[in-house]
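Student: For reference, this is run-v8.pdb, and it has PDB, C-alpha atoms.
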ATOM      1  CA  MET A  20      -3.118  30.651  42.031  1.00  0.00           C
ATOM      2  CA  GLU A  21      -5.520  32.749  40.018  1.00  0.00           C
ATOM      3  CA  LYS A  22      -4.696  33.815  36.463  1.00  0.00           C
ATOM      4  CA  SER A  23      -3.976  37.485  35.982  1.00  0.00           C
ATOM      5  CA  ILE A  24      -5.524  37.358  32.484  1.00  0.00           C
ATOM      6  CA  ASP A  25      -8.584  35.133  32.521  1.00  0.00           C
ATOM      7  CA  LEU A  26      -9.986  35.019  28.979  1.00  0.00           C
ATOM      8  CA  GLN A  27     -11.117  31.613  27.763  1.00  0.00           C
ATOM      9  CA  LEU A  28     -11.707  31.355  24.017  1.00  0.00           C
ATOM     10  CA  SER A  29     -14.690  29.088  24.587  1.00  0.00           C
ATOM     11  CA  ASP A  30     -16.286  31.663  26.926  1.00  0.00           C
ATOM     12  CA  LEU A  31     -15.659  34.867  24.937  1.00  0.00           C
ATOM     13  CA  ALA A  32     -18.843  36.675  23.836  1.00  0.00           C
ATOM     14  CA  ASN A  33     -20.957  34.145  25.750  1.00  0.00           C
ATOM     15  CA  GLY A  34     -19.507  31.296  23.698  1.00  0.00           C
ATOM     16  CA  ALA A  35     -20.083  32.931  20.288  1.00  0.00           C
ATOM     17  CA  VAL A  36     -16.377  32.830  19.380  1.00  0.00           C
ATOM     18  CA  GLN A  37     -16.253  29.086  20.061  1.00  0.00           C
ATOM     19  CA  GLU A  38     -19.491  28.635  18.105  1.00  0.00           C
ATOM     20  CA  LYS A  39     -17.987  30.388  15.077  1.00  0.00           C
ATOM     21  CA  LEU A  40     -14.839  28.282  15.389  1.00  0.00           C
ATOM     22  CA  ASP A  41     -16.962  25.128  15.488  1.00  0.00           C
ATOM     23  CA  GLY A  42     -18.706  26.240  12.284  1.00  0.00           C
ATOM     24  CA  GLU A  43     -15.388  26.823  10.528  1.00  0.00           C
ATOM     25  CA  LEU A  44     -14.098  23.444  11.709  1.00  0.00           C
ATOM     26  CA  LYS A  45     -17.178  21.779  10.192  1.00  0.00           C
ATOM     27  CA  LYS A  46     -16.291  23.396   6.864  1.00  0.00           C
ATOM     28  CA  VAL A  47     -12.696  22.172   7.159  1.00  0.00           C
ATOM     29  CA  PHE A  48     -13.651  18.575   7.868  1.00  0.00           C
ATOM     30  CA  ALA A  49     -16.325  18.556   5.158  1.00  0.00           C
ATOM     31  CA  ASN A  50     -13.635  19.783   2.745  1.00  0.00           C
ATOM     32  CA  ILE A  51     -11.218  17.085   3.928  1.00  0.00           C
ATOM     33  CA  HIS A  52     -13.815  14.410   3.146  1.00  0.00           C
ATOM     34  CA  ASP A  53     -14.762  15.917  -0.249  1.00  0.00           C
ATOM     35  CA  PRO A  54     -13.427  13.459  -2.879  1.00  0.00           C
ATOM     36  CA  ASN A  55     -13.080  16.359  -5.351  1.00  0.00           C
ATOM     37  CA  THR A  56     -10.264  17.947  -3.325  1.00  0.00           C
ATOM     38  CA  THR A  57      -6.659  16.868  -2.858  1.00  0.00           C
ATOM     39  CA  ALA A  58      -6.591  14.699   0.250  1.00  0.00           C
ATOM     40  CA  THR A  59      -3.234  15.926   1.559  1.00  0.00           C
ATOM     41  CA  ALA A  60      -3.757  19.664   0.915  1.00  0.00           C
ATOM     42  CA  LYS A  61      -3.439  21.866   3.987  1.00  0.00           C
ATOM     43  CA  ARG A  62      -6.525  23.568   5.361  1.00  0.00           C
ATOM     44  CA  VAL A  63      -6.131  26.641   7.590  1.00  0.00           C
ATOM     45  CA  VAL A  64      -8.388  28.379  10.108  1.00  0.00           C
ATOM     46  CA  THR A  65      -7.071  31.728  11.314  1.00  0.00           C
ATOM     47  CA  ILE A  66      -8.642  33.426  14.303  1.00  0.00           C
ATOM     48  CA  LYS A  67      -7.912  37.125  14.573  1.00  0.00           C
ATOM     49  CA  LEU A  68      -8.691  38.822  17.880  1.00  0.00           C
ATOM     50  CA  GLU A  69      -8.633  42.607  17.736  1.00  0.00           C
ATOM     51  CA  PHE A  70      -8.357  44.540  21.004  1.00  0.00           C
ATOM     52  CA  LYS A  71      -9.455  48.193  21.058  1.00  0.00           C
ATOM     53  CA  PRO A  72      -9.110  49.963  24.420  1.00  0.00           C
ATOM     54  CA  ASP A  73     -11.002  53.120  25.293  1.00  0.00           C
ATOM     55  CA  GLU A  74      -9.272  56.362  26.287  1.00  0.00           C
ATOM     56  CA  THR A  75      -9.002  55.309  29.912  1.00  0.00           C
ATOM     57  CA  ARG A  76      -7.375  52.005  28.940  1.00  0.00           C
ATOM     58  CA  LYS A  77      -9.719  50.224  31.337  1.00  0.00           C
ATOM     59  CA  VAL A  78     -12.406  49.001  28.935  1.00  0.00           C
ATOM     60  CA  VAL A  79     -11.317  46.986  25.931  1.00  0.00           C
ATOM     61  CA  SER A  80     -13.552  46.007  23.045  1.00  0.00           C
ATOM     62  CA  VAL A  81     -12.609  42.624  21.576  1.00  0.00           C
ATOM     63  CA  ALA A  82     -13.616  41.712  18.019  1.00  0.00           C
ATOM     64  CA  SER A  83     -13.020  38.342  16.463  1.00  0.00           C
ATOM     65  CA  ASP A  84     -12.589  37.503  12.803  1.00  0.00           C
ATOM     66  CA  PHE A  85     -12.225  34.076  11.228  1.00  0.00           C
ATOM     67  CA  THR A  86     -10.519  33.292   7.941  1.00  0.00           C
ATOM     68  CA  THR A  87     -10.703  29.779   6.572  1.00  0.00           C
ATOM     69  CA  LYS A  88      -8.662  28.491   3.654  1.00  0.00           C
ATOM     70  CA  LEU A  89      -9.941  25.219   2.244  1.00  0.00           C
ATOM     71  CA  ALA A  90      -8.455  22.956  -0.402  1.00  0.00           C
ATOM     72  CA  PRO A  91      -9.793  23.957  -3.818  1.00  0.00           C
ATOM     73  CA  VAL A  92     -11.990  21.593  -5.774  1.00  0.00           C
ATOM     74  CA  GLU A  93      -9.868  19.945  -8.447  1.00  0.00           C
ATOM     75  CA  GLY A  94     -10.634  20.733 -12.057  1.00  0.00           C
ATOM     76  CA  VAL A  95     -11.837  18.124 -14.514  1.00  0.00           C
ATOM     77  CA  ALA A  96     -10.586  17.836 -18.097  1.00  0.00           C
ATOM     78  CA  THR A  97     -12.310  16.345 -21.114  1.00  0.00           C
ATOM     79  CA  THR A  98     -11.946  16.333 -24.899  1.00  0.00           C
ATOM     80  CA  VAL A  99     -14.452  17.905 -27.263  1.00  0.00           C
ATOM     81  CA  LEU A 100     -14.786  17.123 -30.977  1.00  0.00           C
ATOM     82  CA  THR A 101     -15.948  19.968 -33.200  1.00  0.00           C
ATOM     83  CA  GLY A 102     -16.591  20.495 -36.882  1.00  0.00           C
ATOM     84  CA  LYS A 103     -19.195  21.568 -39.435  1.00  0.00           C
ATOM     85  CA  ASP A 104     -22.150  19.458 -40.517  1.00  0.00           C
ATOM     86  CA  LEU A 105     -21.652  19.292 -44.302  1.00  0.00           C
ATOM     87  CA  THR A 106     -25.366  19.040 -45.015  1.00  0.00           C
ATOM     88  CA  THR A 107     -26.521  21.962 -42.844  1.00  0.00           C
ATOM     89  CA  GLY A 108     -23.356  24.044 -42.504  1.00  0.00           C
ATOM     90  CA  LYS A 109     -23.896  24.308 -38.730  1.00  0.00           C
ATOM     91  CA  VAL A 110     -20.938  24.154 -36.363  1.00  0.00           C
ATOM     92  CA  GLU A 111     -21.249  21.255 -33.907  1.00  0.00           C
ATOM     93  CA  ALA A 112     -19.384  20.296 -30.756  1.00  0.00           C
ATOM     94  CA  ARG A 113     -19.717  17.118 -28.696  1.00  0.00           C
ATOM     95  CA  GLU A 114     -17.729  15.551 -25.903  1.00  0.00           C
ATOM     96  CA  LEU A 115     -15.497  12.649 -26.968  1.00  0.00           C
ATOM     97  CA  LYS A 116     -16.753   9.609 -25.067  1.00  0.00           C
ATOM     98  CA  SER A 117     -14.388   6.995 -26.502  1.00  0.00           C
ATOM     99  CA  GLU A 118     -10.626   7.235 -26.170  1.00  0.00           C
ATOM    100  CA  VAL A 119      -9.974   7.977 -29.855  1.00  0.00           C
ATOM    101  CA  PRO A 120     -11.917  10.103 -32.371  1.00  0.00           C
ATOM    102  CA  GLY A 121     -13.907   7.866 -34.708  1.00  0.00           C
ATOM    103  CA  GLN A 122     -13.659   4.858 -32.394  1.00  0.00           C
ATOM    104  CA  THR A 123     -16.855   3.229 -31.185  1.00  0.00           C
ATOM    105  CA  TYR A 124     -17.150   1.918 -27.655  1.00  0.00           C
ATOM    106  CA  ILE A 125     -19.474  -0.134 -25.473  1.00  0.00           C
ATOM    107  CA  ASP A 126     -21.411   1.898 -22.905  1.00  0.00           C
ATOM    108  CA  THR A 127     -20.650   0.286 -19.539  1.00  0.00           C
ATOM    109  CA  GLU A 128     -24.079   1.188 -18.145  1.00  0.00           C
ATOM    110  CA  THR A 129     -26.260  -0.075 -20.999  1.00  0.00           C
ATOM    111  CA  GLY A 130     -23.922  -2.459 -22.847  1.00  0.00           C
ATOM    112  CA  GLN A 131     -24.959  -0.695 -26.056  1.00  0.00           C
ATOM    113  CA  PRO A 132     -22.415   0.174 -28.786  1.00  0.00           C
ATOM    114  CA  LYS A 133     -22.051   3.935 -29.233  1.00  0.00           C
ATOM    115  CA  THR A 134     -20.181   6.379 -31.422  1.00  0.00           C
ATOM    116  CA  ASP A 135     -17.183   8.316 -30.173  1.00  0.00           C
ATOM    117  CA  VAL A 136     -19.527  11.080 -28.953  1.00  0.00           C
ATOM    118  CA  GLY A 137     -21.951   8.751 -27.172  1.00  0.00           C
ATOM    119  CA  GLN A 138     -24.748   8.379 -29.721  1.00  0.00           C
ATOM    120  CA  PRO A 139     -26.262   4.873 -30.021  1.00  0.00           C
ATOM    121  CA  ILE A 140     -25.048   3.262 -33.239  1.00  0.00           C
ATOM    122  CA  ASP A 141     -28.381   1.611 -34.105  1.00  0.00           C
ATOM    123  CA  VAL A 142     -30.146   5.006 -34.057  1.00  0.00           C
ATOM    124  CA  ILE A 143     -27.574   6.497 -36.421  1.00  0.00           C
ATOM    125  CA  GLU A 144     -27.772   3.495 -38.769  1.00  0.00           C
ATOM    126  CA  LYS A 145     -31.568   3.854 -38.940  1.00  0.00           C
ATOM    127  CA  GLU A 146     -31.285   7.572 -39.715  1.00  0.00           C
ATOM    128  CA  GLU A 147     -28.707   6.930 -42.439  1.00  0.00           C
ATOM    129  CA  ALA A 148     -30.906   4.221 -43.980  1.00  0.00           C
ATOM    130  CA  LYS A 149     -33.797   6.704 -44.204  1.00  0.00           C
ATOM    131  CA  GLN A 150     -31.584   9.252 -45.936  1.00  0.00           C
ATOM    132  CA  LYS A 151     -30.226   6.849 -48.582  1.00  0.00           C
ATOM    133  CA  GLN A 152     -32.241   6.719 -51.766  1.00  0.00           C
ATOM    134  CA  ILE A 153     -31.622   4.264 -54.546  1.00  0.00           C
ATOM    135  CA  ILE A 154     -31.291   6.017 -57.876  1.00  0.00           C
ATOM    136  CA  ASP A 155     -32.528   3.920 -60.787  1.00  0.00           C
ATOM    137  CA  LEU A 156     -30.430   5.075 -63.720  1.00  0.00           C
ATOM    138  CA  GLN A 157     -32.411   2.818 -66.136  1.00  0.00           C
ATOM    139  CA  LYS A 158     -35.569   4.912 -65.601  1.00  0.00           C
ATOM    140  CA  LYS A 159     -33.840   8.058 -66.771  1.00  0.00           C
ATOM    141  CA  ARG A 160     -32.861   6.535 -70.152  1.00  0.00           C
ATOM    142  CA  GLY A 161     -36.439   6.560 -71.344  1.00  0.00           C
TER     143      GLY A 161
END
Please rewrite the model in this file as structure tokens.
Tutor:
Amino acid sequence: MEKSIDLQLSDLANGAVQEKLDGELKKVFANIHDPNTTATAKRVVTIKLEFKPDETRKVVSVASDFTTKLAPVEGVATTVLTGKDLTTGKVEARELKSEVPGQTYIDTETGQPKTDVGQPIDVIEKEEAKQKQIIDLQKKRG
């Protein structure tokens, strides 16, 4: 028995509709495997087929449109410390690398102790040592 309506999705427009669907499915599965998205979020591919007959109703133009809804990439939060440098008056902002402001931590990649904003402690200690000057009050007495 032959079908009275013989339109195969995979054959429409010489296979172009199926080709577009395959492209959208690649996007969906890439999104499913993206670790920055929610694993269980729904993904949707909508295929819209629009049929426009001519005045005789014998010739019908078929247009296809694809809409794909992927899971959004999840946002990332962080904490930033900000304040004014008392010596320069400049406003500064740096990402908090340790869990608590003012707390030092050990960098897991280098094993080096760092400040709460990720600066190596030995570098800061060297800079502070350069800035300190010993004032000899006996010299000023004359």
Student: Once the PyMOL selection byres ((chain A and resi 63) around 7) is applied to the coordinates I shared, what remains selected? I want it as a compact mmCIF listing (two decimals) with C-alpha atoms, keeping the file's coordinate frame.
Tutor:
# COMPACT_ATOMS: atom_id res chain seq x y z
CA LYS A 61 -3.44 21.87 3.99
CA ARG A 62 -6.52 23.57 5.36
CA VAL A 64 -8.39 28.38 10.11
CA THR A 65 -7.07 31.73 11.31
CA THR A 87 -10.70 29.78 6.57
CA LYS A 88 -8.66 28.49 3.65
CA LEU A 89 -9.94 25.22 2.24
Student: For atom CA of Pro120 of chain A and atom CA of Thr106 of chain A, determine how far apart the two atoms are, in Å to one decimal place.
Tutor: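 Here the two named atoms are 20.5 Å from each other.
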Student: List as a list of chain:residue names: which residues have an atom within 12 Å of (-9.7, 42.9, 17.3), counting only C-alpha atoms?
Tutor: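 Selection result: A:Ile66, A:Lys67, A:Leu68, A:Glu69, A:Phe70, A:Lys71, A:Pro72, A:Val79, A:Ser80, A:Val81, A:Ala82, A:Ser83, A:Asp84, A:Phe85.
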Student: Save out the residues we just selected, C-alpha atoms, as a PDB file, in the frame of the given file.
Tutor:
ATOM      1  CA  ILE A  66      -8.642  33.426  14.303  1.00  0.00           C
ATOM      2  CA  LYS A  67      -7.912  37.125  14.573  1.00  0.00           C
ATOM      3  CA  LEU A  68      -8.691  38.822  17.880  1.00  0.00           C
ATOM      4  CA  GLU A  69      -8.633  42.607  17.736  1.00  0.00           C
ATOM      5  CA  PHE A  70      -8.357  44.540  21.004  1.00  0.00           C
ATOM      6  CA  LYS A  71      -9.455  48.193  21.058  1.00  0.00           C
ATOM      7  CA  PRO A  72      -9.110  49.963  24.420  1.00  0.00           C
ATOM      8  CA  VAL A  79     -11.317  46.986  25.931  1.00  0.00           C
ATOM      9  CA  SER A  80     -13.552  46.007  23.045  1.00  0.00           C
ATOM     10  CA  VAL A  81     -12.609  42.624  21.576  1.00  0.00           C
ATOM     11  CA  ALA A  82     -13.616  41.712  18.019  1.00  0.00           C
ATOM     12  CA  SER A  83     -13.020  38.342  16.463  1.00  0.00           C
ATOM     13  CA  ASP A  84     -12.589  37.503  12.803  1.00  0.00           C
ATOM     14  CA  PHE A  85     -12.225  34.076  11.228  1.00  0.00           C
TER      15      PHE A  85
END
Student: For a test of reading the model, state the distance in Å between atom CA of Ile125 of chain A and atom CA of Gly137 of chain A, rounded to one decimal.
Tutor: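 Spanning atom CA of Ile125 of chain A to atom CA of Gly137 of chain A is a straight-line distance of 9.4 Å.
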Student: Report, in Å to a single decimal, how far apart atom CA of Asn50 of chain A and atom CA of Gly94 of chain A are.
Tutor: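 Spanning atom CA of Gly94 of chain A to atom CA of Asn50 of chain A is a straight-line distance of 15.1 Å.
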Student: List the spatial neighbours of Asn55 of chain A as a PyMOL selection string - criterion: any atom at most 9 Å away, only C-alpha atoms, same-chain residues fewer than 6 positions off excluded.
Tutor: chain A and resi 91-94
Student: So that all listed atoms of segment 108-116 of chain A fit with 8 Å spare on each side, what axis-aligned box centre and edge lengths in Å, to one decimal, would you give as lines of an AutoDock Vina configuration file?
Tutor:
center_x = -19.7
center_y = 17.0
center_z = -33.8
size_x = 24.4
size_y = 30.7
size_z = 33.4
Student: Let me make sure I understand: among A:Pro54, A:Ser29, A:Met20, A:Pro132, which one has the smallest atom-to-atom distance to Asp41 of chain A if we use all atoms listed in the file?
Tutor: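 Ranking A:Pro54, A:Ser29, A:Met20, A:Pro132 by distance to Asp41 of chain A, first place goes to A:Ser29.
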Student: Between A:Asp73, A:Ile140, A:Lys103, A:Arg113, single out the one closest to Asp126 of chain A, counting only C-alpha atoms.
Tutor: A:Ile140
Student: Anything within 7 Å of (-11.4, 29.9, 18.2): list those residues as an MDAnalysis selection string, counting only C-alpha atoms and sticking to the file's coordinates.
Tutor: chainID A and resid 28 36:37 40 66
Student: Between A:Val78, A:Leu100, A:Ala90, A:Leu44, single out the one closest to Thr57 of chain A, counting all atoms listed in the file.
Tutor: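 Looking at the shortest contact to Thr57 of chain A, the residue is A:Ala90.
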